[in-house]
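Okay, structure first, notes after.
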Amino acid sequence: MALVLLYNITDEAKRQRIALSAWKLGIQCRRVAPEDFAQPIGYLLGLEGFSPSGEAASPFETEMLLMHALSSAQFTGFLDALRRNRCTVALKAVATEHNVSWSSAALCKELQKEHEAMRRAGR
């Protein structure tokens with residue numbers, strides 16, 4: 001099942017544009033509550049072998065999207081739709097075998113580092 005996890009998308013109109021863009025491509029969207037930011041990503045995605053973490057949530061306020069099981073056409077179409085609809089979300093990632101064991105907070109921290117490095121390299 002193609003799924004996009006939404007983090008900290010507090011602007012309701014923006015969230016609806018993202019959800020509609022996904023829906024048109026057969027992608028489901030699910031909001032992740034701040035109290036679940038410490039859970040393993042695999043657990044949030046409903047993957048086998050992952051269970052809830054007993055750790056306290058590590059909140060962050062940055063908007064983030066995590067894509068899972070999108071086909072190539074869905075991936076490209078979704079990103080194109082976000083651009084067309086002016087739905088800017090700086091931090092985007094794809095669930096991989098390496099990051100599904102991470103918490104959402106750890107993924108956000110890693111993406112922020114990568115985003116900053118790319119921003120500096122682009123100067």
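By convention in this document, the chains of the structure tokens carry letters A, B, ... by their order, each chain's residues are numbered from 1, and ligands are numbered from 1 in the order they are shown.
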
Return as a count of residues only the full set of residues in chain A whose backbone-based DSSP assignment is strand (DSSP E). 19

Could you give me, as CSV, a per-residue list for segment 73-119 of chain A showing, wherever an atom lies at most 10 Å from an atom of segment 12-36 of chain A, the closest pair of atoms and their distance in Å to one decimal, using only C-alpha atoms and sorting by chain then residue number from low to high?
residue,atom,partner,partner_atom,distance
A:Ala73,CA,A:Leu25,CA,8.7
A:Gln74,CA,A:Leu25,CA,6.0
A:Phe75,CA,A:Leu25,CA,9.1
A:Gly77,CA,A:Leu25,CA,7.3
A:Phe78,CA,A:Ala22,CA,6.1
A:Leu79,CA,A:Ser21,CA,9.0
A:Asp80,CA,A:Ser21,CA,9.3
A:Ala81,CA,A:Ser21,CA,5.9
A:Leu82,CA,A:Ile18,CA,6.7
A:Arg84,CA,A:Ser21,CA,9.7
A:Asn85,CA,A:Arg17,CA,7.0
A:Arg86,CA,A:Lys14,CA,8.7
A:Cys87,CA,A:Lys14,CA,6.3
A:Thr88,CA,A:Lys14,CA,8.9
A:Val89,CA,A:Lys14,CA,9.9
A:Ser103,CA,A:Asp36,CA,8.8
A:Ser104,CA,A:Asp36,CA,8.1
A:Ala105,CA,A:Asp36,CA,9.5

Prev. selection, all heavy atoms, output as a short mmCIF file (atom, residue, chain, number, x, y, z; two decimals), in the first residue's frame:
data_model
loop_
_atom_site.label_atom_id
_atom_site.label_comp_id
_atom_site.auth_asym_id
_atom_site.auth_seq_id
_atom_site.Cartn_x
_atom_site.Cartn_y
_atom_site.Cartn_z
N ALA A 73 6.01 5.88 -10.81
CA ALA A 73 5.04 6.84 -11.35
C ALA A 73 4.36 7.63 -10.23
O ALA A 73 4.14 8.84 -10.35
CB ALA A 73 4.00 6.12 -12.21
N GLN A 74 4.01 6.95 -9.14
CA GLN A 74 3.38 7.64 -8.00
C GLN A 74 4.36 8.64 -7.38
O GLN A 74 3.99 9.76 -7.05
CB GLN A 74 2.93 6.64 -6.94
CG GLN A 74 1.70 5.86 -7.30
CD GLN A 74 1.40 4.78 -6.29
OE1 GLN A 74 2.30 4.10 -5.79
NE2 GLN A 74 0.12 4.62 -5.98
N PHE A 75 5.60 8.23 -7.22
CA PHE A 75 6.62 9.09 -6.62
C PHE A 75 6.80 10.36 -7.44
O PHE A 75 6.70 11.47 -6.92
CB PHE A 75 7.95 8.32 -6.50
CG PHE A 75 9.07 9.10 -5.90
CD1 PHE A 75 9.14 9.27 -4.53
CD2 PHE A 75 10.06 9.67 -6.70
CE1 PHE A 75 10.19 10.00 -3.96
CE2 PHE A 75 11.09 10.39 -6.14
CZ PHE A 75 11.16 10.55 -4.77
N GLY A 77 4.82 11.56 -9.81
CA GLY A 77 3.56 12.29 -9.89
C GLY A 77 3.25 13.06 -8.62
O GLY A 77 2.76 14.19 -8.67
N PHE A 78 3.55 12.46 -7.49
CA PHE A 78 3.28 13.11 -6.20
C PHE A 78 4.17 14.35 -6.04
O PHE A 78 3.68 15.43 -5.70
CB PHE A 78 3.50 12.12 -5.06
CG PHE A 78 3.22 12.68 -3.69
CD1 PHE A 78 1.96 13.11 -3.35
CD2 PHE A 78 4.22 12.75 -2.74
CE1 PHE A 78 1.69 13.63 -2.08
CE2 PHE A 78 3.98 13.25 -1.48
CZ PHE A 78 2.70 13.69 -1.15
N LEU A 79 5.46 14.21 -6.30
CA LEU A 79 6.35 15.36 -6.18
C LEU A 79 5.98 16.46 -7.17
O LEU A 79 6.01 17.65 -6.83
CB LEU A 79 7.81 14.93 -6.34
CG LEU A 79 8.36 14.01 -5.26
CD1 LEU A 79 9.81 13.66 -5.54
CD2 LEU A 79 8.20 14.61 -3.87
N ASP A 80 5.61 16.07 -8.39
CA ASP A 80 5.17 17.07 -9.38
C ASP A 80 3.91 17.78 -8.90
O ASP A 80 3.79 19.00 -9.03
CB ASP A 80 4.90 16.41 -10.73
CG ASP A 80 6.16 16.00 -11.47
OD1 ASP A 80 7.27 16.48 -11.09
OD2 ASP A 80 6.05 15.22 -12.43
N ALA A 81 2.96 17.04 -8.34
CA ALA A 81 1.72 17.63 -7.85
C ALA A 81 1.99 18.59 -6.69
O ALA A 81 1.36 19.65 -6.60
CB ALA A 81 0.74 16.54 -7.41
N LEU A 82 2.92 18.24 -5.81
CA LEU A 82 3.27 19.15 -4.71
C LEU A 82 3.81 20.47 -5.26
O LEU A 82 3.43 21.54 -4.78
CB LEU A 82 4.29 18.50 -3.77
CG LEU A 82 3.83 17.30 -2.95
CD1 LEU A 82 4.97 16.80 -2.07
CD2 LEU A 82 2.61 17.63 -2.13
N ARG A 84 3.26 21.77 -8.32
CA ARG A 84 2.16 22.47 -9.01
C ARG A 84 1.22 23.16 -8.03
O ARG A 84 0.74 24.26 -8.28
CB ARG A 84 1.33 21.50 -9.85
CG ARG A 84 1.83 21.26 -11.23
CD ARG A 84 0.81 20.54 -12.10
NE ARG A 84 0.10 19.46 -11.47
CZ ARG A 84 0.52 18.19 -11.40
NH1 ARG A 84 1.67 17.85 -11.93
NH2 ARG A 84 -0.21 17.28 -10.81
N ASN A 85 0.96 22.49 -6.90
CA ASN A 85 0.03 23.01 -5.90
C ASN A 85 0.71 23.89 -4.86
O ASN A 85 0.09 24.26 -3.86
CB ASN A 85 -0.71 21.86 -5.21
CG ASN A 85 -1.62 21.13 -6.15
OD1 ASN A 85 -2.31 21.75 -6.96
ND2 ASN A 85 -1.63 19.80 -6.08
N ARG A 86 1.98 24.19 -5.09
CA ARG A 86 2.76 25.04 -4.17
C ARG A 86 2.73 24.55 -2.73
O ARG A 86 2.53 25.33 -1.80
CB ARG A 86 2.29 26.48 -4.28
CG ARG A 86 2.56 27.10 -5.62
CD ARG A 86 2.17 28.55 -5.66
NE ARG A 86 2.51 29.14 -6.94
CZ ARG A 86 1.65 29.29 -7.94
NH1 ARG A 86 0.42 28.89 -7.82
NH2 ARG A 86 2.04 29.86 -9.07
N CYS A 87 2.90 23.25 -2.58
CA CYS A 87 2.94 22.63 -1.24
C CYS A 87 4.40 22.36 -0.89
O CYS A 87 4.90 21.26 -1.07
CB CYS A 87 2.15 21.32 -1.23
SG CYS A 87 0.40 21.53 -1.39
N THR A 88 5.06 23.37 -0.41
CA THR A 88 6.47 23.25 -0.08
C THR A 88 6.64 22.57 1.28
O THR A 88 6.11 23.04 2.28
CB THR A 88 7.13 24.64 -0.02
OG1 THR A 88 6.91 25.29 -1.27
CG2 THR A 88 8.61 24.55 0.24
N VAL A 89 7.34 21.46 1.27
CA VAL A 89 7.74 20.76 2.50
C VAL A 89 9.22 20.45 2.30
O VAL A 89 9.58 19.64 1.44
CB VAL A 89 6.92 19.46 2.72
CG1 VAL A 89 7.41 18.73 3.97
CG2 VAL A 89 5.43 19.76 2.81
N SER A 103 13.53 6.33 14.73
CA SER A 103 12.35 7.08 15.15
C SER A 103 12.15 8.23 14.15
O SER A 103 13.08 8.59 13.41
CB SER A 103 12.55 7.66 16.55
OG SER A 103 13.53 8.70 16.51
N SER A 104 10.98 8.78 14.15
CA SER A 104 10.70 9.93 13.29
C SER A 104 11.61 11.10 13.65
O SER A 104 12.09 11.83 12.78
CB SER A 104 9.24 10.35 13.42
OG SER A 104 8.39 9.29 13.04
N ALA A 105 11.86 11.27 14.95
CA ALA A 105 12.73 12.35 15.41
C ALA A 105 14.15 12.16 14.88
O ALA A 105 14.80 13.13 14.45
CB ALA A 105 12.72 12.43 16.93
#

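If you look at atom CA of Asn8 of chain A and atom CA of Phe60 of chain A, they are 8.2 Å away from each other.
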
Mind checking DSSP for segment 17-49 of chain A and telling me the alpha helix (DSSP H) residues as a PyMOL selection string? chain A and resi 17-23+41-44

Atom CA of Pro59 of chain A to atom CA of Gly122 of chain A measures 29.0 Å

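Taking atom CA of Asp11 of chain A as the reference point, atom CA of Leu111 of chain A is found at 21.4 Å.
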